[in-house]
file model05.pdb (PDB, C-alpha atoms)
ATOM      1  CA  MET T  15     -13.769 -35.345   2.440  1.00  0.00           C
ATOM      2  CA  SER T  16     -15.014 -33.699   5.604  1.00  0.00           C
ATOM      3  CA  ALA T  17     -13.648 -30.399   6.863  1.00  0.00           C
ATOM      4  CA  SER T  18     -12.005 -32.045   9.894  1.00  0.00           C
ATOM      5  CA  VAL T  19     -10.207 -34.614   7.697  1.00  0.00           C
ATOM      6  CA  ALA T  20      -9.086 -31.839   5.344  1.00  0.00           C
ATOM      7  CA  ALA T  21      -7.785 -29.855   8.328  1.00  0.00           C
ATOM      8  CA  MET T  22      -5.925 -32.915   9.599  1.00  0.00           C
ATOM      9  CA  HIS T  23      -4.319 -33.389   6.149  1.00  0.00           C
ATOM     10  CA  ARG T  24      -3.219 -29.746   6.146  1.00  0.00           C
ATOM     11  CA  VAL T  25      -1.628 -30.122   9.587  1.00  0.00           C
ATOM     12  CA  MET T  26       0.107 -33.355   8.605  1.00  0.00           C
ATOM     13  CA  LEU T  27       1.332 -31.933   5.286  1.00  0.00           C
ATOM     14  CA  SER T  28       2.485 -28.567   6.653  1.00  0.00           C
ATOM     15  CA  PRO T  29       5.974 -29.871   7.607  1.00  0.00           C
ATOM     16  CA  ILE T  30       6.261 -31.290   4.080  1.00  0.00           C
ATOM     17  CA  SER T  31       5.220 -27.926   2.669  1.00  0.00           C
ATOM     18  CA  GLU T  32       7.898 -26.225   4.754  1.00  0.00           C
ATOM     19  CA  VAL T  33      10.541 -28.654   3.445  1.00  0.00           C
ATOM     20  CA  LEU T  34       9.407 -28.047  -0.139  1.00  0.00           C
ATOM     21  CA  ARG T  35       9.483 -24.300   0.452  1.00  0.00           C
ATOM     22  CA  ALA T  36      13.022 -24.525   1.837  1.00  0.00           C
ATOM     23  CA  MET T  37      14.078 -26.671  -1.132  1.00  0.00           C
ATOM     24  CA  ALA T  38      12.589 -24.136  -3.523  1.00  0.00           C
ATOM     25  CA  GLU T  39      14.551 -21.349  -1.853  1.00  0.00           C
ATOM     26  CA  THR T  40      17.908 -23.158  -1.644  1.00  0.00           C
ATOM     27  CA  PRO T  41      19.752 -22.923  -4.970  1.00  0.00           C
ATOM     28  CA  SER T  42      22.472 -25.367  -5.924  1.00  0.00           C
ATOM     29  CA  LYS T  43      26.101 -24.291  -6.146  1.00  0.00           C
ATOM     30  CA  SER T  44      25.969 -24.428  -9.941  1.00  0.00           C
ATOM     31  CA  GLN T  45      22.896 -22.167  -9.970  1.00  0.00           C
ATOM     32  CA  ILE T  46      24.692 -19.672  -7.750  1.00  0.00           C
ATOM     33  CA  VAL T  47      27.761 -19.711  -9.994  1.00  0.00           C
ATOM     34  CA  GLN T  48      25.620 -19.328 -13.124  1.00  0.00           C
ATOM     35  CA  ALA T  49      23.661 -16.440 -11.612  1.00  0.00           C
ATOM     36  CA  ARG T  50      26.859 -14.668 -10.570  1.00  0.00           C
ATOM     37  CA  LEU T  51      28.273 -15.236 -14.053  1.00  0.00           C
ATOM     38  CA  VAL T  52      25.130 -13.739 -15.619  1.00  0.00           C
ATOM     39  CA  VAL T  53      25.344 -10.661 -13.396  1.00  0.00           C
ATOM     40  CA  ALA T  54      29.088 -10.218 -13.964  1.00  0.00           C
ATOM     41  CA  LEU T  55      28.843 -10.692 -17.741  1.00  0.00           C
ATOM     42  CA  SER T  56      25.818  -8.405 -17.984  1.00  0.00           C
ATOM     43  CA  VAL T  57      27.404  -5.598 -15.995  1.00  0.00           C
ATOM     44  CA  ALA T  58      30.699  -5.944 -17.897  1.00  0.00           C
ATOM     45  CA  ALA T  59      28.876  -6.022 -21.260  1.00  0.00           C
ATOM     46  CA  VAL T  60      26.828  -2.924 -20.492  1.00  0.00           C
ATOM     47  CA  ILE T  61      29.879  -1.002 -19.214  1.00  0.00           C
ATOM     48  CA  PHE T  62      31.951  -2.122 -22.200  1.00  0.00           C
ATOM     49  CA  GLY T  63      29.144  -1.151 -24.579  1.00  0.00           C
ATOM     50  CA  LEU T  64      28.823   2.287 -22.986  1.00  0.00           C
ATOM     51  CA  VAL T  65      32.570   2.880 -23.126  1.00  0.00           C
ATOM     52  CA  VAL T  66      32.956   1.738 -26.741  1.00  0.00           C
ATOM     53  CA  TYR T  67      29.683   2.969 -28.281  1.00  0.00           C
ATOM     54  CA  GLY T  68      28.482   5.558 -25.798  1.00  0.00           C
ATOM     55  CA  LEU T  69      24.832   6.373 -25.270  1.00  0.00           C
ATOM     56  CA  SER T  70      23.387   8.641 -27.918  1.00  0.00           C
ATOM     57  CA  GLY T  71      20.252   8.977 -29.985  1.00  0.00           C
ATOM     58  CA  ASP T  72      21.966   7.066 -32.811  1.00  0.00           C
ATOM     59  CA  VAL T  73      22.857   4.182 -30.486  1.00  0.00           C
ATOM     60  CA  LEU T  74      19.299   3.993 -29.107  1.00  0.00           C
ATOM     61  CA  THR T  75      17.882   4.106 -32.655  1.00  0.00           C
ATOM     62  CA  ARG T  76      20.232   1.293 -33.734  1.00  0.00           C
ATOM     63  CA  ILE T  77      19.244  -0.835 -30.741  1.00  0.00           C
ATOM     64  CA  GLY T  78      15.531  -0.299 -31.438  1.00  0.00           C
ATOM     65  CA  HIS T  79      15.954  -1.013 -35.155  1.00  0.00           C
ATOM     66  CA  ASN T  80      18.023  -4.148 -34.550  1.00  0.00           C
ATOM     67  CA  MET T  81      15.511  -5.463 -32.021  1.00  0.00           C
ATOM     68  CA  LEU T  82      12.565  -4.941 -34.355  1.00  0.00           C
ATOM     69  CA  TYR T  83      14.176  -6.627 -37.348  1.00  0.00           C
ATOM     70  CA  ARG T  84      15.905  -9.528 -35.622  1.00  0.00           C
ATOM     71  CA  PRO T  85      12.879 -11.860 -35.671  1.00  0.00           C
ATOM     72  CA  ASP T  86      13.072 -11.870 -39.489  1.00  0.00           C
ATOM     73  CA  GLY T  87      16.783 -12.692 -39.751  1.00  0.00           C
ATOM     74  CA  PRO T  88      18.937 -15.704 -39.005  1.00  0.00           C
ATOM     75  CA  PHE T  89      18.832 -17.310 -35.560  1.00  0.00           C
ATOM     76  CA  VAL T  90      15.073 -16.721 -35.436  1.00  0.00           C
ATOM     77  CA  PHE T  91      14.714 -19.974 -33.463  1.00  0.00           C
ATOM     78  CA  ARG T  92      15.870 -18.222 -30.310  1.00  0.00           C
ATOM     79  CA  PHE T  93      12.769 -16.024 -30.316  1.00  0.00           C
ATOM     80  CA  VAL T  94      10.858 -19.246 -29.718  1.00  0.00           C
ATOM     81  CA  LEU T  95      13.473 -21.288 -27.846  1.00  0.00           C
ATOM     82  CA  GLN T  96      14.364 -18.856 -25.048  1.00  0.00           C
ATOM     83  CA  PRO T  97      10.792 -17.823 -24.128  1.00  0.00           C
ATOM     84  CA  ALA T  98       9.740 -21.496 -24.296  1.00  0.00           C
ATOM     85  CA  MET T  99      12.525 -22.468 -21.890  1.00  0.00           C
ATOM     86  CA  ALA T 100      11.591 -19.563 -19.602  1.00  0.00           C
ATOM     87  CA  THR T 101       7.963 -20.693 -19.741  1.00  0.00           C
ATOM     88  CA  LEU T 102       8.950 -24.213 -18.683  1.00  0.00           C
ATOM     89  CA  GLY T 103      10.890 -22.775 -15.728  1.00  0.00           C
ATOM     90  CA  ALA T 104       7.937 -20.552 -14.817  1.00  0.00           C
ATOM     91  CA  LEU T 105       5.620 -23.564 -15.082  1.00  0.00           C
ATOM     92  CA  ARG T 106       7.793 -25.629 -12.736  1.00  0.00           C
ATOM     93  CA  ASP T 107       8.210 -22.832 -10.191  1.00  0.00           C
ATOM     94  CA  GLY T 108       4.621 -21.559 -10.473  1.00  0.00           C
ATOM     95  CA  ILE T 109       3.246 -25.021  -9.717  1.00  0.00           C
ATOM     96  CA  ARG T 110       5.672 -25.340  -6.816  1.00  0.00           C
ATOM     97  CA  ASP T 111       4.496 -21.932  -5.526  1.00  0.00           C
ATOM     98  CA  ALA T 112       0.870 -23.113  -5.718  1.00  0.00           C
ATOM     99  CA  ARG T 113       1.624 -26.363  -3.894  1.00  0.00           C
ATOM    100  CA  THR T 114       3.542 -24.632  -1.108  1.00  0.00           C
ATOM    101  CA  GLY T 115       1.072 -21.754  -0.781  1.00  0.00           C
ATOM    102  CA  ARG T 116       3.539 -18.990  -1.602  1.00  0.00           C
ATOM    103  CA  ALA T 117       2.263 -15.540  -2.525  1.00  0.00           C
ATOM    104  CA  PRO T 118       2.007 -14.705  -6.254  1.00  0.00           C
ATOM    105  CA  PHE T 119       5.470 -14.015  -7.613  1.00  0.00           C
ATOM    106  CA  LEU T 120       5.184 -10.740  -9.535  1.00  0.00           C
ATOM    107  CA  TRP T 121       2.748  -9.252  -7.016  1.00  0.00           C
ATOM    108  CA  THR T 122       5.200 -10.020  -4.215  1.00  0.00           C
ATOM    109  CA  VAL T 123       8.087  -8.486  -6.180  1.00  0.00           C
ATOM    110  CA  LEU T 124       6.108  -5.320  -6.860  1.00  0.00           C
ATOM    111  CA  THR T 125       4.474  -4.826  -3.460  1.00  0.00           C
ATOM    112  CA  ASN T 126       6.636  -6.469  -0.794  1.00  0.00           C
ATOM    113  CA  PRO T 127      10.031  -4.782  -0.411  1.00  0.00           C
ATOM    114  CA  THR T 128      11.189  -7.236   2.257  1.00  0.00           C
ATOM    115  CA  GLU T 129      10.792 -10.234  -0.081  1.00  0.00           C
ATOM    116  CA  ARG T 130      11.618  -8.458  -3.370  1.00  0.00           C
ATOM    117  CA  GLY T 131      15.354  -9.188  -3.362  1.00  0.00           C
ATOM    118  CA  ALA T 132      14.991 -12.839  -2.460  1.00  0.00           C
ATOM    119  CA  ARG T 133      12.281 -13.443  -5.068  1.00  0.00           C
ATOM    120  CA  LEU T 134      14.297 -11.689  -7.793  1.00  0.00           C
ATOM    121  CA  LYS T 135      17.319 -13.819  -6.856  1.00  0.00           C
ATOM    122  CA  GLU T 136      15.125 -16.901  -7.235  1.00  0.00           C
ATOM    123  CA  SER T 137      14.138 -15.803 -10.717  1.00  0.00           C
ATOM    124  CA  LEU T 138      17.773 -15.135 -11.627  1.00  0.00           C
ATOM    125  CA  PHE T 139      18.766 -18.594 -10.372  1.00  0.00           C
ATOM    126  CA  ALA T 140      15.927 -20.133 -12.390  1.00  0.00           C
ATOM    127  CA  THR T 141      16.752 -18.289 -15.626  1.00  0.00           C
ATOM    128  CA  SER T 142      20.542 -17.921 -15.471  1.00  0.00           C
ATOM    129  CA  ARG T 143      21.224 -20.863 -17.794  1.00  0.00           C
ATOM    130  CA  ILE T 144      18.703 -19.523 -20.318  1.00  0.00           C
ATOM    131  CA  ILE T 145      20.212 -16.028 -20.120  1.00  0.00           C
ATOM    132  CA  LEU T 146      23.736 -17.419 -20.655  1.00  0.00           C
ATOM    133  CA  LEU T 147      22.464 -19.334 -23.683  1.00  0.00           C
ATOM    134  CA  GLY T 148      20.836 -16.143 -24.954  1.00  0.00           C
ATOM    135  CA  LEU T 149      24.038 -14.150 -24.525  1.00  0.00           C
ATOM    136  CA  ALA T 150      26.004 -16.778 -26.456  1.00  0.00           C
ATOM    137  CA  ILE T 151      23.432 -16.995 -29.258  1.00  0.00           C
ATOM    138  CA  ASP T 152      23.135 -13.222 -29.567  1.00  0.00           C
ATOM    139  CA  THR T 153      26.906 -12.825 -29.645  1.00  0.00           C
ATOM    140  CA  ALA T 154      27.122 -15.342 -32.489  1.00  0.00           C
ATOM    141  CA  TYR T 155      24.191 -13.676 -34.275  1.00  0.00           C
ATOM    142  CA  GLN T 156      25.739 -10.207 -34.097  1.00  0.00           C
ATOM    143  CA  ILE T 157      29.135 -11.393 -35.297  1.00  0.00           C
ATOM    144  CA  ILE T 158      27.594 -13.303 -38.221  1.00  0.00           C
ATOM    145  CA  GLU T 159      24.926 -10.762 -39.163  1.00  0.00           C
ATOM    146  CA  PHE T 160      26.509  -7.395 -38.296  1.00  0.00           C
ATOM    147  CA  LYS T 161      30.223  -8.317 -38.379  1.00  0.00           C
ATOM    148  CA  THR T 162      30.527  -6.512 -35.047  1.00  0.00           C
ATOM    149  CA  PHE T 163      29.425  -6.974 -31.456  1.00  0.00           C
ATOM    150  CA  HIS T 164      27.208  -4.664 -29.406  1.00  0.00           C
ATOM    151  CA  PRO T 165      27.391  -6.151 -25.895  1.00  0.00           C
ATOM    152  CA  ALA T 166      24.603  -4.104 -24.288  1.00  0.00           C
ATOM    153  CA  GLU T 167      22.206  -5.228 -27.041  1.00  0.00           C
ATOM    154  CA  ALA T 168      23.062  -8.854 -26.298  1.00  0.00           C
ATOM    155  CA  VAL T 169      22.181  -8.294 -22.627  1.00  0.00           C
ATOM    156  CA  ILE T 170      18.912  -6.542 -23.480  1.00  0.00           C
ATOM    157  CA  ILE T 171      17.829  -9.292 -25.884  1.00  0.00           C
ATOM    158  CA  ALA T 172      18.815 -12.105 -23.505  1.00  0.00           C
ATOM    159  CA  PHE T 173      16.858 -10.569 -20.620  1.00  0.00           C
ATOM    160  CA  LEU T 174      13.834  -9.756 -22.803  1.00  0.00           C
ATOM    161  CA  LEU T 175      13.648 -13.304 -24.135  1.00  0.00           C
ATOM    162  CA  ALA T 176      14.384 -15.207 -20.904  1.00  0.00           C
ATOM    163  CA  PHE T 177      13.940 -13.207 -17.710  1.00  0.00           C
ATOM    164  CA  VAL T 178      10.867 -11.147 -18.621  1.00  0.00           C
ATOM    165  CA  PRO T 179       8.673 -14.095 -19.753  1.00  0.00           C
ATOM    166  CA  TYR T 180       9.636 -16.031 -16.619  1.00  0.00           C
ATOM    167  CA  VAL T 181       8.752 -13.143 -14.308  1.00  0.00           C
ATOM    168  CA  LEU T 182       5.460 -12.437 -16.085  1.00  0.00           C
ATOM    169  CA  LEU T 183       4.314 -16.074 -16.320  1.00  0.00           C
ATOM    170  CA  ARG T 184       5.338 -17.545 -12.963  1.00  0.00           C
ATOM    171  CA  GLY T 185       2.645 -15.771 -10.942  1.00  0.00           C
ATOM    172  CA  LEU T 186      -0.029 -16.381 -13.566  1.00  0.00           C
ATOM    173  CA  ILE T 187       0.805 -20.085 -13.667  1.00  0.00           C
ATOM    174  CA  ALA T 188       0.782 -20.237  -9.858  1.00  0.00           C
ATOM    175  CA  ARG T 189      -2.695 -18.675  -9.759  1.00  0.00           C
ATOM    176  CA  ILE T 190      -4.025 -21.151 -12.322  1.00  0.00           C
ATOM    177  CA  ALA T 191      -2.352 -24.064 -10.533  1.00  0.00           C
ATOM    178  CA  ARG T 192      -3.641 -22.849  -7.174  1.00  0.00           C
ATOM    179  CA  SER T 193      -7.218 -22.854  -8.460  1.00  0.00           C
ATOM    180  CA  TRP T 194      -6.696 -26.310  -9.979  1.00  0.00           C
ATOM    181  CA  VAL T 195      -5.107 -27.657  -6.779  1.00  0.00           C
ATOM    182  CA  GLY T 196      -7.990 -26.125  -4.824  1.00  0.00           C
ATOM    183  CA  ASP T 197     -10.491 -27.864  -7.122  1.00  0.00           C
ATOM    184  CA  LYS T 198      -8.708 -31.208  -6.645  1.00  0.00           C
ATOM    185  CA  ALA T 199      -8.680 -30.762  -2.857  1.00  0.00           C
ATOM    186  CA  ALA T 200     -12.408 -30.054  -2.912  1.00  0.00           C
ATOM    187  CA  GLY T 201     -13.030 -33.263  -4.837  1.00  0.00           C
ATOM    188  CA  GLY T 202     -13.498 -31.457  -8.152  1.00  0.00           C
ATOM    189  CA  ARG T 203     -16.577 -29.544  -6.912  1.00  0.00           C
ATOM    190  CA  ARG T 204     -17.040 -25.908  -7.715  1.00  0.00           C
TER     191      ARG T 204
END
call {"tool": "encode", "arguments": {"input": "model05.pdb", "output": "C-alpha cells"}}
result
Amino acid sequence: MSASVAAMHRVMLSPISEVLRAMAETPSKSQIVQARLVVALSVAAVIFGLVVYGLSGDVLTRIGHNMLYRPDGPFVFRFVLQPAMATLGALRDGIRDARTGRAPFLWTVLTNPTERGARLKESLFATSRIILLGLAIDTAYQIIEFKTFHPAEAVIIAFLLAFVPYVLLRGLIARIARSWVGDKAAGGRR
C-alpha cells in the first residue's frame, strides 16, 4: 500500500477512531453503579476495619501473614480467577487503546495529571465487577477460614488480585497490540 493510500485510509478512519474513543470513555449506567458501589464498600470496609481492629503492628503483621498463607488454603481458585479476569479486561481495553491510538495507560496515569483521574476511573469501571466478586469471595473465605471478618483485608486482597493486574497489563498489552497493528498496516513488513 502506498503512503498516499495509507494517509487516505487514516483520514477516512479518523472519525471512526474518534467514535471508538468516545465509546471507550463512556461507561454504561451499570458500570457507574458498580464502580460507585466498589468505592463506597471499600471506604466503609476500611473505616469499619480501622474502628474495630485499629491500626497497630499486630494488625499489620496479621494482614501480612494472612496474605502470604492464603494461596495455600481454601478458595485458592480466586488467586487464578481474579487476575485472569483482570487480564481479559486489560486485553480488551489494551487492544482498544492500540486501535484508537491512545497513549499507554500506566504511563499516562503516572505522568499526565490532567488525564490521571479519567484514566483511573476507566480502570475502576473496567474492574468493578471483578473487585465486587473478590470482596464477596474474600468475605466468605474469612468467615469460613478465620470465623471472623477483617474488612480492610478483603479490600486489599480484592484490589491486589483485580485492579493491580489490570493497571499493570493494560499498557503492556496496548504496546504489543500497537506494534502488531503497525505490522499489519505495513503489510507484515519489518
call {"tool": "closest_atom_pairs", "arguments": {"input": "model05.pdb", "of": "region 20-125 of chain T", "to": "region 176-183 of chain T", "cutoff": "6 Å", "atoms": "all atoms listed in the file", "output": "CSV"}}
result
residue,atom,partner,partner_atom,distance
T:Gln96,CA,T:Ala176,CA,5.5
T:Pro97,CA,T:Ala176,CA,5.5
T:Ala100,CA,T:Tyr180,CA,5.0
T:Thr101,CA,T:Tyr180,CA,5.9
T:Ala104,CA,T:Tyr180,CA,5.2
call {"tool": "atom_distance", "arguments": {"input": "model05.pdb", "atom1": "CA of Ser142 (chain T)", "atom2": "CA of Gln45 (chain T)"}}
result
7.3 Å
call {"tool": "closest_residue", "arguments": {"input": "model05.pdb", "among": "T:Arg92, T:His164, T:Arg113, T:Arg184", "to": "Ile151 (chain T)", "atoms": "only C-alpha atoms"}}
result
T:Arg92
call {"tool": "atom_distance", "arguments": {"input": "model05.pdb", "atom1": "CA of Lys161 (chain T)", "atom2": "CA of Val57 (chain T)"}}
result
22.7 Å
call {"tool": "resolve_selection", "arguments": {"input": "model05.pdb", "expression": "the PyMOL selection byres ((chain T and resi 62-70) around 10)", "output": "PyMOL selection string"}}
result
chain T and resi 56-61+71-76+163-168
call {"tool": "resolve_selection", "arguments": {"input": "model05.pdb", "expression": "the PyMOL selection byres ((chain T and resi 133-139) around 8)", "output": "count of residues only"}}
result
19
call {"tool": "atom_distance", "arguments": {"input": "model05.pdb", "atom1": "CA of Val52 (chain T)", "atom2": "CA of Leu146 (chain T)"}}
result
6.4 Å
call {"tool": "residues_around", "arguments": {"input": "model05.pdb", "residues": "region 81-89 of chain T", "least_positions_apart": "3", "cutoff": "10 Å", "atoms": "only C-alpha atoms", "output": "PyMOL selection string"}}
result
chain T and resi 75-78+92-94+151-152+154-156+158-159+167+170-171
call {"tool": "resolve_selection", "arguments": {"input": "model05.pdb", "expression": "the PyMOL selection byres ((chain T and resi 188) around 7)", "output": "compact mmCIF listing (two decimals) with C-alpha atoms, in the coordinates of the input"}}
result
# COMPACT_ATOMS: atom_id res chain seq x y z
CA GLY T 108 4.62 -21.56 -10.47
CA ILE T 109 3.25 -25.02 -9.72
CA ASP T 111 4.50 -21.93 -5.53
CA ALA T 112 0.87 -23.11 -5.72
CA PRO T 118 2.01 -14.70 -6.25
CA ARG T 184 5.34 -17.55 -12.96
CA GLY T 185 2.64 -15.77 -10.94
CA LEU T 186 -0.03 -16.38 -13.57
CA ILE T 187 0.80 -20.08 -13.67
CA ARG T 189 -2.70 -18.68 -9.76
CA ILE T 190 -4.03 -21.15 -12.32
CA ALA T 191 -2.35 -24.06 -10.53
CA ARG T 192 -3.64 -22.85 -7.17
